[in-house]
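*Asks:* Here you go, one structure.
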Amino acid sequence: MKSKILKIILISTPIGFVGSGKGGGVELTLVSLIKGLLELGNEVTLVAPEGSRLPKSCKRAQLINIPGMTQISWQHQDKNSPIIIPMNGVLPRLLDCALNIAKDYDAIINLSYDWLPLWATPHLEVDIFHLISMGAVSEVMRNTINNLSKTHHRRLAFHTYSQASDYDLKKEPIILGNGFDLKDYHFKKETTGPLGWAGRVAPEKGLEDAAEVASSIGETLLVWGVVEDKTYAKNIELSFPFGTIEWRGFLKTHDFQNQLGTCRAFINTPKWNEAYGNVVMEAMACGVPVVAYDRGGPGELIKSGLTGWLVPPDDVDQLKIAVSKIDQIDRNDCRNWAIKSSSHIEFARKVYSWIVSAIDNL
Ligand code: UDP
């Protein structure tokens with residue numbers, strides 16, 4: 001039987017425009033999802049903060065740019081902070097735009113990790129769904145998601161079990177993983193390259209632990225990503241011998257993966273319950289083994305002993321040992337695992353099935 005074509009509105013993160021890097025992994029998740037949904041024959045409109053861009057591969061998607069003040073990310077607020085929506089905030093405007101056009105669509109999928117769209121859900125007649133992109137970094141958000149699960153559980157989906165375990169959900173969580181267009185990532189077989197680290201440079205990402213590993217063996221750590229917290233970045237740089245960190249900046253996926261693939265090992269050091277950890281899968285897609293703390297998403301993405309090594313959270317000595325035995329990992333296994341577990345098309349299929357089955361059971 002031919003599947004029904006869906007017309008879907010996606011709401012982007014209100015933290016920054018797509019392409020800025022400020023929205024973290026959500027930006028790439030959106031692009032992969034749009035590509036996948038389009039390839040499956042669906043129609044997609046993305047409502048996103050002004051300045052957003054989509055790659056050519058998403059050209060069949062409609063993009064609506066919305067002006068307005070961006071939100072402060074929840075992970076950079078106090079756990080007990082109240083909800084703050086600035087005057088002329090882009091968040092209400094994104095929702096407003098999506099609701100205004102919703103009658104011509106089958107569903108809205110919201111990727112903003114924010115109170116307003118979640119809170120509004122029981123009061124709306126449109127079919128709105130939420131792909132939750134973070135663990136419970138705020139009590140307001142935890143409470144809002146817990147409450148929505150009581151009455152509208154099918155409207156919620158998560159990337160990993162670890163992430164979902166932060167919430168008290170009424171039923172088993174809907175887990176969708178994540179996806180990447182693996183054609184965009186090229187396998188590199190070289191095993192003698194440098195050590196690498198990537199992510200938003202901010203305290204929850206634990207860059208200092210990876211720098212300590214590199215420094216302990218007198219090597220340079222290549223670092224990619226948006227420097228979100230400049231003081232934090234500077235302090236790390238000053239804590240280690242000059243040249244321990246080589247800042248490579250925030251690169252487009254094509255250039256990022258090209259450089260990432262040269263690494264002999266990728267180090268991932270989350271200090272929070274990482275929802276997924278795109279960079280972990282992107283490294284493996286290039287054939288790069290990953291050494292990571294067994295915390296949050298990376299604990300589910302890495303097959304310890306096959307695609308890298310998982311070590312106890314915050315145990316830097318174990319990280320060092322794991323890096324020293326990286327030659328035991330076959331880079332082909334990393335690439336094959338990424339292909340098997342995280343293609344954008346499989347991810348889009350899972351999202352599609354979630355929406356279709358939820359609509360059928362509303
Ligand atoms: N990234 C990038 N260019 C860079 C470094 C990182 O595009 O030079 C992207 C990377 O592809 C990933 C995102 O930054 O999608 C980081 O997402 P992740 O899920 O690892 O962490 P988050 O920022 O969401 O906490």
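Ligands are numbered from 1 in the order shown, chains are lettered A, B, ... in the order of the structure tokens, and residues start at 1 in each chain.
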Which residues form the shell of 9 Å around ligand 1 when you count only C-alpha atoms and all ligand atoms, given as JSON, numbers by chain?
*Replies:* {"A": [19, 20, 21, 22, 23, 24, 25, 26, 27, 28, 29, 133, 134, 197, 198, 199, 200, 201, 204, 205, 223, 224, 225, 226, 248, 249, 250, 251, 252, 253, 254, 255, 256, 257, 260, 268, 270, 274, 275, 276, 277, 278, 279, 280, 281, 282]}
*Asks:* List the spatial neighbours of segment 300-303 of chain A as a PyMOL selection string - criterion: any atom at most 9 Å away, only C-alpha atoms, same-chain residues fewer than 3 positions off excluded.
*Replies:* chain A and resi 160-162+276-277+280-281+284+289-292+294-297+306-310+334+337-338+341
*Asks:* Could you please take those selected residues and save N, CA and C atoms as a compact mmCIF listing (two decimals), in the first residue's frame?
*Replies:*
```
# COMPACT_ATOMS: atom_id res chain seq x y z
N THR A 160 16.92 9.68 22.61
CA THR A 160 17.50 8.48 23.23
C THR A 160 16.74 8.15 24.53
N TYR A 161 16.93 6.92 25.00
CA TYR A 161 16.32 6.50 26.27
C TYR A 161 16.93 7.29 27.43
N SER A 162 18.24 7.52 27.37
CA SER A 162 18.89 8.26 28.47
C SER A 162 18.27 9.64 28.61
N TYR A 276 21.50 13.42 22.58
CA TYR A 276 21.94 12.48 21.54
C TYR A 276 23.46 12.58 21.40
N GLY A 277 23.92 13.71 20.84
CA GLY A 277 25.37 13.88 20.62
C GLY A 277 25.67 13.66 19.15
N VAL A 280 29.18 12.77 17.88
CA VAL A 280 29.66 11.40 18.09
C VAL A 280 29.38 10.55 16.84
N MET A 281 28.15 10.66 16.36
CA MET A 281 27.78 9.86 15.18
C MET A 281 28.48 10.39 13.93
N MET A 284 31.96 8.95 13.84
CA MET A 284 31.95 7.53 13.43
C MET A 284 31.63 7.41 11.93
N PRO A 289 36.99 6.50 15.50
CA PRO A 289 36.53 5.91 16.76
C PRO A 289 36.32 6.99 17.83
N VAL A 290 35.37 6.76 18.71
CA VAL A 290 35.04 7.78 19.72
C VAL A 290 35.29 7.24 21.13
N VAL A 291 35.97 8.06 21.91
CA VAL A 291 36.17 7.77 23.32
C VAL A 291 35.29 8.74 24.08
N ALA A 292 34.39 8.22 24.92
CA ALA A 292 33.40 9.12 25.54
C ALA A 292 33.02 8.67 26.93
N ASP A 294 30.37 7.53 29.54
CA ASP A 294 29.14 6.75 29.41
C ASP A 294 28.01 7.52 30.11
N ARG A 295 27.59 8.58 29.48
CA ARG A 295 26.59 9.47 30.06
C ARG A 295 25.70 9.99 28.92
N GLY A 296 24.39 9.91 29.09
CA GLY A 296 23.47 10.44 28.09
C GLY A 296 23.57 9.69 26.76
N GLY A 297 23.18 10.36 25.70
CA GLY A 297 23.12 9.75 24.37
C GLY A 297 24.37 8.99 23.95
N LEU A 306 33.94 -1.78 19.93
CA LEU A 306 33.74 -1.95 18.48
C LEU A 306 33.91 -0.60 17.75
N THR A 307 33.24 0.44 18.25
CA THR A 307 33.30 1.74 17.55
C THR A 307 34.03 2.79 18.40
N GLY A 308 34.62 2.35 19.49
CA GLY A 308 35.33 3.27 20.38
C GLY A 308 35.29 2.70 21.79
N TRP A 309 35.46 3.57 22.79
CA TRP A 309 35.44 3.11 24.18
C TRP A 309 34.58 4.04 25.01
N LEU A 310 33.73 3.43 25.85
CA LEU A 310 32.96 4.20 26.84
C LEU A 310 33.67 4.06 28.17
N CYS A 334 33.33 1.59 12.58
CA CYS A 334 32.70 2.86 12.98
C CYS A 334 31.78 3.35 11.86
N TRP A 337 28.74 1.10 11.41
CA TRP A 337 27.76 1.28 12.49
C TRP A 337 26.93 2.55 12.26
N ALA A 338 27.60 3.62 11.83
CA ALA A 338 26.88 4.88 11.56
C ALA A 338 25.85 4.66 10.44
N SER A 341 22.93 2.57 11.83
CA SER A 341 22.08 3.05 12.93
C SER A 341 21.58 4.48 12.81
```
*Asks:* Any chance you could tabulate, as JSON lines, the residues of segment 88-194 of chain A at most 8 Å from segment 44-47 of chain A with each one's nearest atom pair and distance in Å to one decimal, using only C-alpha atoms, in chain and rising number order?
*Replies:*
```
{"residue": "A:Leu94", "atom": "CA", "partner": "A:Val47", "partner_atom": "CA", "distance": 6.2}
{"residue": "A:Cys97", "atom": "CA", "partner": "A:Val47", "partner_atom": "CA", "distance": 7.4}
{"residue": "A:Ala98", "atom": "CA", "partner": "A:Val47", "partner_atom": "CA", "distance": 6.8}
```
*Asks:* Keeping only N, CA, C and O atoms, write the selected residues to a file as a PDB file, in the first residue's frame.
*Replies:*
```pdb
ATOM      1  N   LEU A  94       7.103  32.347  15.902  1.00  0.00           N
ATOM      2  CA  LEU A  94       7.254  31.086  15.159  1.00  0.00           C
ATOM      3  C   LEU A  94       5.965  30.277  15.299  1.00  0.00           C
ATOM      4  O   LEU A  94       5.426  29.738  14.319  1.00  0.00           O
ATOM      5  N   CYS A  97       3.027  31.881  13.420  1.00  0.00           N
ATOM      6  CA  CYS A  97       3.096  31.647  11.981  1.00  0.00           C
ATOM      7  C   CYS A  97       2.642  30.220  11.669  1.00  0.00           C
ATOM      8  O   CYS A  97       1.825  30.008  10.766  1.00  0.00           O
ATOM      9  N   ALA A  98       3.162  29.249  12.436  1.00  0.00           N
ATOM     10  CA  ALA A  98       2.806  27.848  12.176  1.00  0.00           C
ATOM     11  C   ALA A  98       1.290  27.645  12.353  1.00  0.00           C
ATOM     12  O   ALA A  98       0.645  26.980  11.530  1.00  0.00           O
TER      13      ALA A  98
END
```
*Asks:* At a cut-off of 9 Å, using only C-alpha atoms, what residues contact segment 166-170 of chain A? Leave out same-chain residues fewer than 6 positions from it and give the result as a PyMOL selection string.
*Replies:* chain A and resi 135-137+142-143+145-151+153+273
*Asks:* Of the candidates A:Ala107, A:Val140, A:Val90, A:Ile175, which shows the shortest atom-to-atom distance to Glu125 of chain A, using only C-alpha atoms?
*Replies:*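 Checking each of A:Ala107, A:Val140, A:Val90, A:Ile175 against Glu125 of chain A, counting only C-alpha atoms, the winner is A:Ala107.
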*Asks:* List the spatial neighbours of Asp181 of chain A as a list in words - criterion: any atom at most 10 Å away, only C-alpha atoms, same-chain residues fewer than 4 positions off excluded.
*Replies:*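 The contact residues come out as Leu28, Val31, Ser32, Leu33, Lys35, Gly36, Tyr185, Glu282, Ala285, Ile339, Ser342, Ser343, His344 and Ile345 of chain A.
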*Asks:* Could you save the residues just selected, with all heavy atoms, as a short mmCIF file (atom, residue, chain, number, x, y, z; two decimals), in the first residue's frame?
*Replies:*
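Now in result.cif:
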```cif
data_model
loop_
_atom_site.label_atom_id
_atom_site.label_comp_id
_atom_site.auth_asym_id
_atom_site.auth_seq_id
_atom_site.Cartn_x
_atom_site.Cartn_y
_atom_site.Cartn_z
N LEU A 28 21.27 20.66 12.54
CA LEU A 28 21.57 19.56 11.62
C LEU A 28 20.43 18.54 11.62
O LEU A 28 20.09 17.99 10.57
CB LEU A 28 22.89 18.90 12.02
CG LEU A 28 23.39 17.82 11.07
CD1 LEU A 28 23.70 18.38 9.69
CD2 LEU A 28 24.64 17.14 11.62
N VAL A 31 17.84 19.77 9.24
CA VAL A 31 18.23 19.61 7.84
C VAL A 31 18.09 18.14 7.42
O VAL A 31 17.52 17.83 6.36
CB VAL A 31 19.67 20.13 7.60
CG1 VAL A 31 20.18 19.75 6.22
CG2 VAL A 31 19.72 21.64 7.78
N SER A 32 18.57 17.22 8.27
CA SER A 32 18.48 15.79 7.94
C SER A 32 17.03 15.36 7.83
O SER A 32 16.66 14.60 6.94
CB SER A 32 19.11 14.94 9.04
OG SER A 32 20.44 15.25 9.20
N LEU A 33 16.22 15.86 8.76
CA LEU A 33 14.81 15.47 8.77
C LEU A 33 14.09 15.99 7.53
O LEU A 33 13.32 15.26 6.89
CB LEU A 33 14.15 16.01 10.06
CG LEU A 33 12.69 15.67 10.26
CD1 LEU A 33 12.45 14.16 10.23
CD2 LEU A 33 12.19 16.25 11.59
N LYS A 35 15.44 16.73 4.60
CA LYS A 35 15.90 15.93 3.45
C LYS A 35 15.17 14.61 3.40
O LYS A 35 14.66 14.19 2.37
CB LYS A 35 17.40 15.59 3.62
CG LYS A 35 18.34 16.59 3.06
CD LYS A 35 19.74 15.94 3.03
CE LYS A 35 20.82 16.98 3.02
NZ LYS A 35 22.17 16.40 2.97
N GLY A 36 15.13 13.91 4.54
CA GLY A 36 14.52 12.59 4.60
C GLY A 36 13.03 12.63 4.28
O GLY A 36 12.54 11.83 3.49
N TYR A 185 29.37 12.40 4.48
CA TYR A 185 30.51 12.08 5.36
C TYR A 185 31.39 11.06 4.66
O TYR A 185 30.91 10.02 4.21
CB TYR A 185 30.01 11.52 6.71
CG TYR A 185 29.17 12.54 7.46
CD1 TYR A 185 27.82 12.69 7.16
CD2 TYR A 185 29.74 13.37 8.42
CE1 TYR A 185 27.05 13.66 7.80
CE2 TYR A 185 28.98 14.32 9.08
CZ TYR A 185 27.64 14.46 8.77
OH TYR A 185 26.89 15.41 9.41
N GLU A 282 28.66 11.69 13.86
CA GLU A 282 29.34 12.27 12.69
C GLU A 282 30.80 11.79 12.62
O GLU A 282 31.30 11.50 11.53
CB GLU A 282 29.29 13.81 12.75
CG GLU A 282 27.87 14.35 12.58
CD GLU A 282 27.85 15.87 12.69
OE1 GLU A 282 27.77 16.38 13.83
OE2 GLU A 282 27.96 16.54 11.64
N ALA A 285 30.77 8.31 11.43
CA ALA A 285 30.43 8.27 10.00
C ALA A 285 31.67 8.48 9.12
O ALA A 285 31.72 8.02 7.99
CB ALA A 285 29.37 9.33 9.69
N ILE A 339 26.27 3.93 9.40
CA ILE A 339 25.36 3.69 8.27
C ILE A 339 24.15 2.89 8.76
O ILE A 339 23.00 3.18 8.41
CB ILE A 339 26.08 2.93 7.13
CG1 ILE A 339 27.12 3.85 6.49
CG2 ILE A 339 25.10 2.41 6.08
CD1 ILE A 339 28.04 3.17 5.49
N SER A 342 22.07 5.24 11.81
CA SER A 342 21.68 6.66 11.86
C SER A 342 21.55 7.32 10.49
O SER A 342 22.00 8.45 10.31
CB SER A 342 22.71 7.43 12.69
OG SER A 342 23.94 7.46 12.02
N SER A 343 20.92 6.63 9.54
CA SER A 343 20.75 7.30 8.25
C SER A 343 19.58 8.28 8.34
O SER A 343 18.62 8.07 9.10
CB SER A 343 20.50 6.29 7.14
OG SER A 343 19.15 5.89 7.16
N HIS A 344 19.67 9.35 7.57
CA HIS A 344 18.61 10.37 7.64
C HIS A 344 17.28 9.81 7.14
O HIS A 344 16.22 10.21 7.61
CB HIS A 344 19.01 11.62 6.84
CG HIS A 344 19.02 11.44 5.35
ND1 HIS A 344 19.88 10.57 4.72
CD2 HIS A 344 18.28 12.00 4.38
CE1 HIS A 344 19.66 10.63 3.42
NE2 HIS A 344 18.69 11.49 3.19
N ILE A 345 17.36 8.84 6.25
CA ILE A 345 16.11 8.33 5.68
C ILE A 345 15.38 7.45 6.71
O ILE A 345 14.17 7.53 6.86
CB ILE A 345 16.38 7.62 4.32
CG1 ILE A 345 15.15 7.67 3.44
CG2 ILE A 345 16.90 6.24 4.40
CD1 ILE A 345 14.95 8.97 2.76
#
```
